[in-house]
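What follows is the content of work38.txt (compact mmCIF, C-alpha atoms and all ligand atoms).
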# COMPACT_ATOMS: atom_id res chain seq x y z
CA MET Q 1 55.49 72.74 48.48
CA THR Q 2 58.50 73.98 46.56
CA ASP Q 3 56.46 73.84 43.34
CA ALA Q 4 53.79 76.20 44.67
CA PRO Q 5 54.10 79.63 43.06
CA ALA Q 6 55.64 82.28 45.28
CA GLN Q 7 53.46 85.12 46.60
CA LEU Q 8 55.74 87.70 44.98
CA VAL Q 9 59.01 87.62 43.05
CA ILE Q 10 61.07 90.79 42.58
CA THR Q 11 63.77 90.48 39.91
CA GLY Q 12 66.73 92.56 38.80
CA ALA Q 13 67.02 94.62 41.99
CA THR Q 14 70.13 96.08 43.56
CA VAL Q 15 69.68 94.90 47.15
CA LEU Q 16 70.86 96.79 50.22
CA LEU Q 17 71.72 94.12 52.76
CA HIS Q 18 72.91 94.63 56.33
CA ASP Q 19 74.59 91.53 57.76
CA GLU Q 20 74.30 90.47 61.43
CA HIS Q 21 77.18 92.83 62.29
CA ASP Q 22 75.35 95.77 60.65
CA ALA Q 23 77.89 95.89 57.80
CA LEU Q 24 76.32 97.03 54.52
CA HIS Q 25 76.52 94.92 51.36
CA VAL Q 26 75.25 96.11 47.98
CA LEU Q 27 74.17 93.13 45.86
CA PRO Q 28 73.40 93.80 42.18
CA GLU Q 29 71.03 91.79 39.95
CA ARG Q 30 69.21 90.01 42.76
CA THR Q 31 65.89 88.21 42.92
CA ILE Q 32 63.81 88.43 46.10
CA VAL Q 33 61.36 85.55 46.58
CA VAL Q 34 58.44 86.15 48.96
CA ARG Q 35 56.32 83.35 50.44
CA ASP Q 36 53.63 83.68 53.13
CA GLY Q 37 54.48 87.35 53.71
CA ALA Q 38 58.13 86.62 54.48
CA ILE Q 39 61.37 86.81 52.52
CA ALA Q 40 62.11 83.24 51.38
CA ALA Q 41 65.27 83.94 49.38
CA VAL Q 42 67.56 86.70 48.11
CA ILE Q 43 69.53 85.12 45.27
CA PRO Q 44 71.25 86.08 42.01
CA ASP Q 45 68.84 86.61 39.10
CA ALA Q 46 70.55 83.74 37.29
CA GLU Q 47 69.25 81.35 39.98
CA GLY Q 48 65.93 82.89 40.91
CA ALA Q 49 64.42 85.08 38.19
CA ALA Q 50 62.38 82.23 36.71
CA THR Q 51 60.75 81.27 40.04
CA PRO Q 52 56.98 80.79 39.45
CA ALA Q 53 55.01 83.53 41.20
CA LYS Q 54 51.51 84.88 41.59
CA GLU Q 55 52.87 88.41 41.24
CA THR Q 56 56.14 89.77 39.87
CA ILE Q 57 57.94 93.12 39.88
CA ASP Q 58 60.66 93.90 37.37
CA ALA Q 59 63.05 95.94 39.52
CA ARG Q 60 65.85 96.44 37.02
CA GLY Q 61 67.30 99.89 37.73
CA LEU Q 62 65.73 100.00 41.20
CA VAL Q 63 67.31 99.71 44.65
CA ALA Q 64 65.64 97.38 47.16
CA MET Q 65 65.81 98.52 50.78
CA PRO Q 66 64.01 97.40 53.94
CA GLY Q 67 60.91 99.46 54.62
CA PHE Q 68 61.58 102.56 56.70
CA ILE Q 69 60.60 102.39 60.39
CA ASN Q 70 58.97 105.40 61.99
CA GLY Q 71 59.94 104.75 65.59
CA HIS Q 72 57.71 107.40 67.16
CA THR Q 73 54.76 109.32 65.83
CA HIS Q 74 51.26 110.52 66.64
CA SER Q 75 49.76 109.60 63.28
CA PRO Q 76 46.40 111.45 63.50
CA MET Q 77 48.19 114.75 64.07
CA THR Q 78 48.39 115.19 60.30
CA MET Q 79 45.18 117.15 60.92
CA PHE Q 80 47.19 119.77 62.85
CA ARG Q 81 49.93 120.02 60.21
CA GLY Q 82 50.88 123.71 60.01
CA ALA Q 83 48.30 124.79 62.63
CA ALA Q 84 50.83 125.73 65.32
CA GLU Q 85 54.08 127.06 63.91
CA ASP Q 86 56.90 129.35 65.06
CA VAL Q 87 56.05 129.02 68.77
CA PRO Q 88 58.05 127.60 71.70
CA LEU Q 89 57.17 124.15 72.99
CA GLU Q 90 55.04 125.14 76.00
CA LYS Q 91 52.90 127.47 73.86
CA TRP Q 92 52.65 124.76 71.19
CA PHE Q 93 51.12 122.44 73.82
CA ASP Q 94 49.18 124.86 76.04
CA ASP Q 95 47.85 127.38 73.49
CA PHE Q 96 47.33 125.13 70.47
CA ILE Q 97 47.58 121.35 70.56
CA TRP Q 98 45.99 120.43 73.90
CA PRO Q 99 43.02 122.86 73.50
CA MET Q 100 42.50 121.56 69.93
CA GLU Q 101 42.69 117.92 71.04
CA VAL Q 102 39.63 118.55 73.24
CA ASN Q 103 37.64 118.65 69.97
CA LEU Q 104 38.72 115.27 68.61
CA THR Q 105 36.24 112.59 67.63
CA ASP Q 106 37.11 108.99 66.74
CA ARG Q 107 36.31 109.78 63.11
CA ASP Q 108 38.80 112.69 63.10
CA VAL Q 109 41.45 110.37 64.50
CA ALA Q 110 40.73 107.74 61.84
CA LEU Q 111 40.90 110.30 59.02
CA GLY Q 112 44.13 111.82 60.35
CA ALA Q 113 45.68 108.38 60.71
CA GLU Q 114 44.64 107.33 57.21
CA LEU Q 115 46.18 110.48 55.72
CA ALA Q 116 49.33 109.68 57.72
CA VAL Q 117 49.46 106.11 56.44
CA ALA Q 118 49.03 107.34 52.86
CA GLU Q 119 51.93 109.76 53.30
CA MET Q 120 54.14 107.16 54.97
CA LEU Q 121 53.55 104.38 52.44
CA LEU Q 122 54.31 106.73 49.52
CA ALA Q 123 57.55 107.68 51.31
CA GLY Q 124 58.56 104.04 51.87
CA VAL Q 125 57.60 103.79 55.56
CA THR Q 126 56.28 100.29 56.27
CA THR Q 127 56.16 100.32 60.10
CA PHE Q 128 55.12 103.10 62.47
CA VAL Q 129 55.10 103.23 66.26
CA ASP Q 130 52.10 105.26 67.35
CA HIS Q 131 51.17 107.00 70.61
CA TYR Q 132 47.71 108.58 70.66
CA PHE Q 133 44.08 108.56 71.78
CA ALA Q 134 41.19 106.59 70.21
CA MET Q 135 43.63 103.82 69.25
CA PRO Q 136 40.96 101.31 68.10
CA ALA Q 137 40.12 103.75 65.30
CA ILE Q 138 43.79 103.76 64.25
CA ALA Q 139 43.97 99.96 64.47
CA GLU Q 140 41.08 99.77 62.00
CA VAL Q 141 43.05 101.97 59.58
CA VAL Q 142 46.13 99.75 59.95
CA GLN Q 143 44.02 96.65 59.38
CA ARG Q 144 42.43 98.06 56.21
CA THR Q 145 45.46 99.76 54.61
CA GLY Q 146 47.99 96.93 55.05
CA ILE Q 147 50.75 98.85 56.86
CA ARG Q 148 52.53 97.50 59.97
CA ALA Q 149 52.27 99.31 63.31
CA ASN Q 150 53.01 99.16 66.99
CA LEU Q 151 50.12 100.94 68.70
CA GLY Q 152 49.98 102.38 72.22
CA LEU Q 153 46.93 104.06 73.74
CA THR Q 154 48.11 107.27 75.44
CA PHE Q 155 47.18 107.91 79.05
CA PHE Q 156 47.76 110.59 81.69
CA SER Q 157 47.47 110.30 85.48
CA ASP Q 158 44.27 112.33 85.52
CA GLY Q 159 41.93 109.47 86.30
CA GLU Q 160 41.98 105.90 87.56
CA THR Q 161 41.21 104.24 84.24
CA GLY Q 162 44.11 105.41 82.04
CA LEU Q 163 46.48 102.49 82.53
CA ALA Q 164 43.65 99.95 82.60
CA GLU Q 165 42.37 101.20 79.23
CA SER Q 166 45.87 101.28 77.71
CA LEU Q 167 46.46 97.70 78.92
CA ALA Q 168 43.07 96.48 77.72
CA PHE Q 169 43.77 97.91 74.26
CA ALA Q 170 47.26 96.38 74.17
CA LEU Q 171 46.00 92.90 75.10
CA GLU Q 172 42.99 92.98 72.78
CA TYR Q 173 44.81 94.22 69.68
CA ARG Q 174 48.25 92.62 69.84
CA GLY Q 175 48.65 90.23 66.93
CA ALA Q 176 45.69 91.78 65.09
CA ALA Q 177 45.65 92.43 61.34
CA GLY Q 178 47.34 89.10 60.65
CA GLY Q 179 50.15 89.93 63.06
CA ARG Q 180 50.88 93.35 61.56
CA ILE Q 181 49.71 95.06 64.75
CA THR Q 182 51.87 94.84 67.87
CA THR Q 183 51.08 96.91 70.94
CA SER Q 184 52.65 98.90 73.75
CA LEU Q 185 51.63 100.51 77.00
CA ALA Q 186 51.75 104.27 76.44
CA PRO Q 187 52.00 106.52 79.50
CA HIS Q 188 52.28 110.03 78.07
CA ALA Q 189 55.43 111.18 79.91
CA THR Q 190 57.38 111.08 83.14
CA TYR Q 191 55.94 114.54 83.95
CA THR Q 192 52.25 113.79 83.19
CA VAL Q 193 52.06 110.31 84.73
CA HIS Q 194 52.66 109.79 88.47
CA ASP Q 195 55.34 107.42 89.73
CA ASP Q 196 52.71 105.02 91.11
CA ASP Q 197 51.17 104.69 87.66
CA LEU Q 198 54.61 104.25 86.10
CA ARG Q 199 55.30 101.46 88.63
CA ALA Q 200 52.02 99.78 87.76
CA THR Q 201 52.81 100.22 84.05
CA ALA Q 202 56.17 98.51 84.49
CA ALA Q 203 54.58 95.61 86.36
CA ALA Q 204 51.89 95.16 83.68
CA ALA Q 205 54.46 95.37 80.88
CA LEU Q 206 56.59 92.66 82.48
CA GLU Q 207 53.60 90.46 83.26
CA HIS Q 208 52.26 90.64 79.69
CA ASP Q 209 55.56 91.09 77.78
CA LEU Q 210 54.57 94.49 76.39
CA MET Q 211 56.81 97.42 75.44
CA VAL Q 212 56.47 100.71 77.35
CA HIS Q 213 56.48 103.68 74.97
CA VAL Q 214 56.91 106.83 77.09
CA HIS Q 215 58.12 110.39 76.49
CA ALA Q 216 61.06 111.09 78.80
CA ALA Q 217 64.01 113.46 78.58
CA GLU Q 218 62.54 114.99 75.43
CA ASP Q 219 64.84 118.00 75.65
CA ARG Q 220 67.49 119.36 77.99
CA ARG Q 221 65.16 121.95 79.49
CA GLN Q 222 62.73 119.22 80.46
CA THR Q 223 65.55 117.23 82.04
CA ALA Q 224 66.73 120.32 83.93
CA HIS Q 225 63.19 121.03 85.14
CA THR Q 226 62.72 117.46 86.37
CA ARG Q 227 66.08 117.50 88.15
CA TYR Q 228 65.09 120.76 89.87
CA ALA Q 229 61.61 119.53 90.82
CA ARG Q 230 62.45 115.91 91.63
CA GLY Q 231 66.19 115.83 92.26
CA MET Q 232 66.70 113.27 89.51
CA SER Q 233 66.64 113.00 85.72
CA PRO Q 234 63.66 111.65 83.74
CA VAL Q 235 65.66 108.51 82.89
CA ALA Q 236 66.35 108.02 86.61
CA ILE Q 237 62.58 108.18 87.20
CA LEU Q 238 62.14 105.44 84.59
CA GLU Q 239 64.72 103.31 86.35
CA GLN Q 240 63.44 103.99 89.86
CA THR Q 241 59.85 103.12 88.91
CA GLY Q 242 61.00 99.88 87.27
CA VAL Q 243 60.03 100.90 83.74
CA LEU Q 244 63.52 100.19 82.39
CA GLU Q 245 63.15 96.56 83.52
CA ALA Q 246 60.55 96.19 80.76
CA ARG Q 247 61.11 96.66 77.04
CA THR Q 248 61.15 100.46 76.80
CA LEU Q 249 61.09 102.93 73.92
CA ILE Q 250 62.19 106.48 74.73
CA PRO Q 251 61.28 108.90 71.92
CA HIS Q 252 63.63 111.85 71.26
CA GLY Q 253 65.92 111.45 74.28
CA VAL Q 254 67.41 114.86 73.48
CA GLY Q 255 67.62 115.48 77.23
CA ILE Q 256 69.52 112.26 78.00
CA VAL Q 257 72.60 113.31 79.98
CA PRO Q 258 75.85 111.46 80.76
CA GLU Q 259 74.63 110.52 84.27
CA ASP Q 260 71.84 108.48 82.60
CA LEU Q 261 74.26 106.20 80.78
CA PRO Q 262 74.87 103.58 83.52
CA ALA Q 263 71.10 102.98 83.83
CA LEU Q 264 70.64 102.79 80.06
CA MET Q 265 73.64 100.49 79.67
CA ARG Q 266 72.22 98.09 82.27
CA HIS Q 267 69.10 97.73 80.13
CA ARG Q 268 70.44 98.25 76.63
CA ASP Q 269 69.34 94.84 75.36
CA HIS Q 270 65.68 95.88 75.75
CA VAL Q 271 65.71 99.70 75.77
CA GLY Q 272 65.82 101.88 72.66
CA VAL Q 273 65.66 105.54 71.62
CA ALA Q 274 63.90 106.97 68.55
CA THR Q 275 65.27 110.28 67.32
CA ALA Q 276 63.33 112.81 65.22
CA PRO Q 277 65.81 115.51 64.20
CA ARG Q 278 63.49 117.83 62.29
CA GLY Q 279 61.17 118.81 65.13
CA TYR Q 280 64.13 119.74 67.30
CA LEU Q 281 65.53 122.00 64.60
CA LYS Q 282 62.19 123.84 64.65
CA ASP Q 283 62.12 123.86 68.44
CA SER Q 284 65.56 125.49 68.44
CA ALA Q 285 66.82 122.69 70.67
CA ILE Q 286 69.94 120.60 70.45
CA GLN Q 287 69.81 117.04 69.12
CA THR Q 288 69.69 113.53 70.59
CA PRO Q 289 73.16 112.58 71.92
CA VAL Q 290 73.47 109.66 69.49
CA ARG Q 291 77.23 109.45 69.86
CA LEU Q 292 76.90 109.03 73.63
CA LEU Q 293 74.19 106.40 73.18
CA ALA Q 294 76.20 104.59 70.51
CA ALA Q 295 79.18 104.40 72.86
CA ALA Q 296 76.86 102.93 75.50
CA GLY Q 297 75.47 100.37 73.04
CA VAL Q 298 71.92 101.71 73.26
CA PRO Q 299 70.11 101.28 69.92
CA VAL Q 300 68.86 104.48 68.26
CA GLY Q 301 66.26 104.40 65.52
CA LEU Q 302 64.63 107.11 63.43
CA ALA Q 303 61.27 108.80 63.83
CA THR Q 304 59.28 111.81 62.72
CA ASP Q 305 57.09 112.55 65.75
CA GLY Q 306 53.64 113.84 64.75
CA ALA Q 307 53.02 116.08 61.76
CA GLY Q 308 51.71 118.77 64.13
CA SER Q 309 55.33 119.50 65.06
CA ASN Q 310 57.40 117.77 62.37
CA ASP Q 311 55.12 118.58 59.38
CA THR Q 312 56.27 115.50 57.47
CA LEU Q 313 56.18 111.78 58.29
CA ASP Q 314 59.16 111.25 56.03
CA VAL Q 315 61.68 108.92 57.69
CA TRP Q 316 64.03 109.13 54.68
CA GLU Q 317 64.23 112.86 55.45
CA SER Q 318 64.87 112.06 59.14
CA MET Q 319 67.79 109.87 58.01
CA THR Q 320 69.31 112.70 55.95
CA LEU Q 321 68.76 115.16 58.80
CA LEU Q 322 70.28 112.71 61.30
CA ALA Q 323 73.56 112.74 59.38
CA LEU Q 324 73.52 116.52 58.93
CA THR Q 325 72.45 117.51 62.45
CA GLN Q 326 74.75 115.02 64.18
CA LYS Q 327 77.76 116.51 62.37
CA ALA Q 328 76.71 119.99 63.47
CA PHE Q 329 75.84 118.85 67.03
CA GLU Q 330 79.22 117.14 67.50
CA ALA Q 331 81.11 119.69 65.37
CA ASP Q 332 82.72 116.71 63.67
CA ALA Q 333 82.40 116.06 59.92
CA THR Q 334 83.64 112.48 60.36
CA TRP Q 335 80.84 111.50 62.76
CA MET Q 336 77.59 109.95 61.49
CA THR Q 337 78.66 108.70 58.11
CA ALA Q 338 76.03 107.83 55.51
CA ARG Q 339 76.63 104.15 56.28
CA GLN Q 340 76.00 104.72 59.98
CA ALA Q 341 72.80 106.68 59.18
CA LEU Q 342 71.55 103.67 57.18
CA VAL Q 343 72.24 101.43 60.18
CA HIS Q 344 70.10 103.68 62.39
CA ALA Q 345 67.36 103.67 59.74
CA PHE Q 346 67.18 99.90 59.32
CA PRO Q 347 68.75 97.24 61.60
CA GLN Q 348 69.19 99.50 64.62
CA GLY Q 349 65.79 101.11 64.00
CA ALA Q 350 64.26 97.64 64.30
CA ARG Q 351 66.29 96.91 67.46
CA ALA Q 352 65.21 100.19 69.06
CA ILE Q 353 61.58 99.04 68.92
CA GLY Q 354 62.32 95.38 69.72
CA MET Q 355 61.35 94.09 66.26
CA GLN Q 356 64.78 92.98 65.00
CA GLN Q 357 63.59 89.40 64.57
CA HIS Q 358 61.00 90.53 62.02
CA ILE Q 359 62.04 93.69 60.15
CA GLY Q 360 65.01 95.91 59.33
CA ARG Q 361 67.07 93.58 57.11
CA LEU Q 362 66.41 91.99 53.73
CA VAL Q 363 67.34 88.43 54.65
CA PRO Q 364 65.37 85.17 54.55
CA GLY Q 365 62.97 84.75 57.44
CA MET Q 366 62.23 88.47 57.82
CA ARG Q 367 58.80 89.86 56.98
CA ALA Q 368 58.69 91.00 53.34
CA ASP Q 369 58.61 94.75 54.06
CA ILE Q 370 60.46 96.09 51.03
CA VAL Q 371 60.90 99.47 49.36
CA LEU Q 372 62.00 99.80 45.74
CA ALA Q 373 63.43 103.20 44.81
CA ASP Q 374 64.49 104.67 41.48
CA LEU Q 375 67.75 106.55 41.98
CA SER Q 376 68.19 107.54 38.34
CA ALA Q 377 67.17 111.19 38.76
CA PRO Q 378 69.87 113.68 37.71
CA ARG Q 379 70.41 114.77 41.34
CA SER Q 380 71.39 111.20 42.28
CA ARG Q 381 73.85 110.64 39.43
CA PRO Q 382 76.58 109.50 39.15
CA VAL Q 383 76.85 106.98 41.99
CA HIS Q 384 80.27 106.63 43.63
CA ASP Q 385 78.99 105.05 46.84
CA LEU Q 386 75.35 103.97 47.04
CA ALA Q 387 75.14 104.75 50.78
CA ASN Q 388 76.19 108.36 50.15
CA THR Q 389 73.72 108.67 47.27
CA ILE Q 390 70.80 107.36 49.34
CA VAL Q 391 71.47 109.47 52.44
CA TYR Q 392 72.59 112.75 50.87
CA ALA Q 393 71.23 112.97 47.31
CA ALA Q 394 68.13 110.82 46.90
CA ARG Q 395 64.84 111.42 48.69
CA SER Q 396 61.60 109.72 49.56
CA SER Q 397 59.86 110.83 46.35
CA ASP Q 398 62.16 108.33 44.59
CA VAL Q 399 60.15 105.46 46.11
CA VAL Q 400 58.33 103.58 43.34
CA HIS Q 401 56.93 100.50 45.11
CA THR Q 402 56.22 99.86 48.81
CA ILE Q 403 55.56 96.32 50.00
CA VAL Q 404 54.39 95.10 53.44
CA ASP Q 405 54.14 91.39 54.25
CA GLY Q 406 54.66 90.77 50.54
CA ARG Q 407 51.60 92.82 49.61
CA VAL Q 408 52.17 95.72 47.20
CA LEU Q 409 50.67 98.81 48.90
CA VAL Q 410 52.29 101.35 46.56
CA ARG Q 411 52.71 100.34 42.96
CA ASP Q 412 54.28 102.72 40.45
CA ARG Q 413 53.97 105.55 42.99
CA ARG Q 414 50.23 104.98 43.48
CA LEU Q 415 48.54 103.73 46.66
CA THR Q 416 46.63 100.49 46.17
CA THR Q 417 44.59 100.53 49.42
CA ILE Q 418 43.92 104.23 50.10
CA ASP Q 419 42.22 107.05 48.18
CA PRO Q 420 43.96 110.06 49.75
CA ASP Q 421 41.74 112.59 47.95
CA ALA Q 422 38.66 111.06 49.55
CA VAL Q 423 40.31 111.21 52.99
CA VAL Q 424 41.20 114.90 52.57
CA ALA Q 425 37.75 115.70 51.17
CA GLU Q 426 36.17 114.34 54.36
CA LEU Q 427 38.78 115.88 56.67
CA GLU Q 428 38.81 119.45 55.36
CA PRO Q 429 35.24 120.46 56.32
CA ARG Q 430 36.04 119.33 59.88
CA LEU Q 431 39.07 121.59 60.31
CA ALA Q 432 37.22 124.69 61.59
CA THR Q 433 35.68 122.64 64.43
CA LEU Q 434 38.91 120.77 65.07
CA THR Q 435 41.03 123.90 65.49
CA ASP Q 436 38.45 125.86 67.53
CA ARG Q 437 39.99 126.96 70.84
CA SER Q 438 37.23 129.38 71.92
CA HIS Q 439 35.83 126.84 74.42
CA GLY Q 440 38.77 127.62 76.72
CA ARG Q 441 39.23 123.96 77.72
CA THR Q 442 42.36 121.85 77.46
CA ILE Q 443 43.34 118.24 78.09
CA GLN Q 444 46.54 119.00 80.05
CA ALA Q 445 48.88 121.77 81.15
CA TYR Q 446 52.50 121.51 80.03
CA THR Q 447 54.68 121.03 83.07
CA GLY Q 448 57.70 119.45 81.39
ZN ZN N 501 55.77 112.46 70.76
Rewrite the structure from the file as structure tokens, please.
Amino acid sequence: MTDAPAQLVITGATVLLHDEHDALHVLPERTIVVRDGAIAAVIPDAEGAATPAKETIDARGLVAMPGFINGHTHSPMTMFRGAAEDVPLEKWFDDFIWPMEVNLTDRDVALGAELAVAEMLLAGVTTFVDHYFAMPAIAEVVQRTGIRANLGLTFFSDGETGLAESLAFALEYRGAAGGRITTSLAPHATYTVHDDDLRATAAAALEHDLMVHVHAAEDRRQTAHTRYARGMSPVAILEQTGVLEARTLIPHGVGIVPEDLPALMRHRDHVGVATAPRGYLKDSAIQTPVRLLAAAGVPVGLATDGAGSNDTLDVWESMTLLALTQKAFEADATWMTARQALVHAFPQGARAIGMQQHIGRLVPGMRADIVLADLSAPRSRPVHDLANTIVYAARSSDVVHTIVDGRVLVRDRRLTTIDPDAVVAELEPRLATLTDRSHGRTIQAYTG
């Protein structure tokens, strides 16, 4: 067995390694050996560079990082990128997005998702957590393009079949694409799904060991509205309906308030938050209370949300914005260091979505989801502290190679499994129909 050539050997890399205590180590001149889609060894070049391999990458001058994790997105919404700008949230939903989503076909969803995957892979994103309609079409894109994803079929409480369909999808597709697809139950939000359905969701999640991916406490106004209407916070609704007993992912969490902390702390070993700073800058809202959550031991990962609000699916950018916006939010230049931002991007980002056994650290046994970046551009030189350079000076366009399960999906800045021009060529003629709102119909009314 040991004589069999490795699937992939990367030599000469400077490896970013988080240990089990989330401390960062920078290891120069390292060889990464990949077997069966997993990291088999990270060893000095002197010991490993000559390992026989089916495929090799000379990574001298490159930094090896874990793949970025997009902890919350709506991947097909690339098709609405720039279609609803400079409006407040309720108008964004009621006047633009929900009337436009009436027009969607499965093919539109597939094209939007494929464009999203192209963008994410080029930016070093190797895992995304998706929440949308027509999820089988997205699963097919994940299968074909080689990326990793956790997929949840969105449902509202506007019919009897929503939860049943979300559960059927989750059970049918979990473990698909050679294990690259994991699944969640995806009630839209605490304000669009009734408590009875949330209770049934929690029971199904526990019975089948599925994560619940649900919008709750997205911003402070939504929290205030729910407290006024229901006499409790959105997080309290999640606890009261039993959702927090299951593995739960709360995107944004900007509206999490101090009174929510006891409930979150009780469940912090299986509850996470995914923060997407850019959309909240545009929405003129405050940011996720990461400092509060950190003190409570609740893991916080990074996300972009959909491109309809966030414009980019660039998690590297989210990491930079996390550091910048947290300093402004807390009015404290010493809070959210570059090192801490890297922890949220990688090991804690994996914990927030319950995948810490598989991704988020470049150590043996983890899946071989690896990004190699060239930080030699003038704006990144010189390097005093690599963490500072990565978070504040470098950017996602410095990604040269992106690898998932040991398979090279971006090589020398070119996608190996997607032709993005062909995707855009098919998508563009559909845009007039997609953005038509003259029918006067909508899929929901915003009540958050
Ligand atoms: Zn969302």
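Selection of all polymer residues within 7 Å of ligand ZN 501 (chain N) on the basis of all atoms listed in the file gives His72, Thr73, His74, His215, Pro251, Asp305 and Gly306 of chain Q.
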Could you list as a count of residues only every residue that has an atom within 7 Å of (38.9, 106.6, 65.6), using the file's coordinates and counting all atoms listed in the file? 11
Shell around Leu151 (chain Q) at 12 Å using all atoms listed in the file, local window under 2 positions removed, as a PyMOL selection string: chain Q and resi 70-75+113+127-143+148-149+153-154+166-167+169-176+180-186+210-213+353
Taken to one decimal, the CA of Asp22 (chain Q)-CA of Glu239 (chain Q) distance is 28.8 Å
Can you work out the spacing between CA of Gly67 (chain Q) and CA of Gly124 (chain Q) in Å, to one decimal? 5.8 Å
Mind pulling up the distance from CA of His344 (chain Q) to CA of Gly360 (chain Q)?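 According to the coordinates, CA of Gly360 (chain Q) and CA of His344 (chain Q) are separated by 9.8 Å.
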Got a sec to check which residues sit within 8 Å of (77.9, 110.6, 63.4), counting all atoms listed in the file, and write them as an mmCIF file with C-alpha atoms, in the coordinates of the input?
data_model
loop_
_atom_site.group_PDB
_atom_site.id
_atom_site.type_symbol
_atom_site.label_atom_id
_atom_site.label_comp_id
_atom_site.auth_asym_id
_atom_site.auth_seq_id
_atom_site.Cartn_x
_atom_site.Cartn_y
_atom_site.Cartn_z
ATOM 1 C CA VAL Q 290 73.470 109.660 69.490
ATOM 2 C CA ARG Q 291 77.230 109.450 69.860
ATOM 3 C CA ALA Q 323 73.560 112.740 59.380
ATOM 4 C CA GLN Q 326 74.750 115.020 64.180
ATOM 5 C CA LYS Q 327 77.760 116.510 62.370
ATOM 6 C CA GLU Q 330 79.220 117.140 67.500
ATOM 7 C CA ASP Q 332 82.720 116.710 63.670
ATOM 8 C CA ALA Q 333 82.400 116.060 59.920
ATOM 9 C CA THR Q 334 83.640 112.480 60.360
ATOM 10 C CA TRP Q 335 80.840 111.500 62.760
ATOM 11 C CA MET Q 336 77.590 109.950 61.490
ATOM 12 C CA THR Q 337 78.660 108.700 58.110
ATOM 13 C CA GLN Q 340 76.000 104.720 59.980
ATOM 14 C CA ALA Q 341 72.800 106.680 59.180
#
Nearest to Ala177 (chain Q) by atom-to-atom distance, counting only C-alpha atoms, from Q:Val410, Q:Ala216, Q:Ile147, Q:Ala38: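 Looking only at the distances to Ala177 (chain Q), the closest residue turns out to be Q:Ile147.
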Provide an axis-aligned box for all listed atoms of region 278-295 of chain Q, padding each side by 5 Å; report its centre and its edge lengths in Å to one decimal, as JSON.
{"center_x": 70.2, "center_y": 114.9, "center_z": 68.0, "size_x": 28.0, "size_y": 31.1, "size_z": 21.3}
Need to verify the contact set: region 436-438 of chain Q, 9 Å, all atoms listed in the file, exclusion of same-chain residues closer than 6 positions in sequence. Can you return it as a ChimeraX atom specification? /Q:95-96,99-100,102-103
Rank Q:Phe93, Q:Tyr280, Q:Phe156, Q:Tyr228 by their smallest atom-to-atom distance to Thr325 (chain Q), using only C-alpha atoms, and report the top residue only. Q:Tyr280
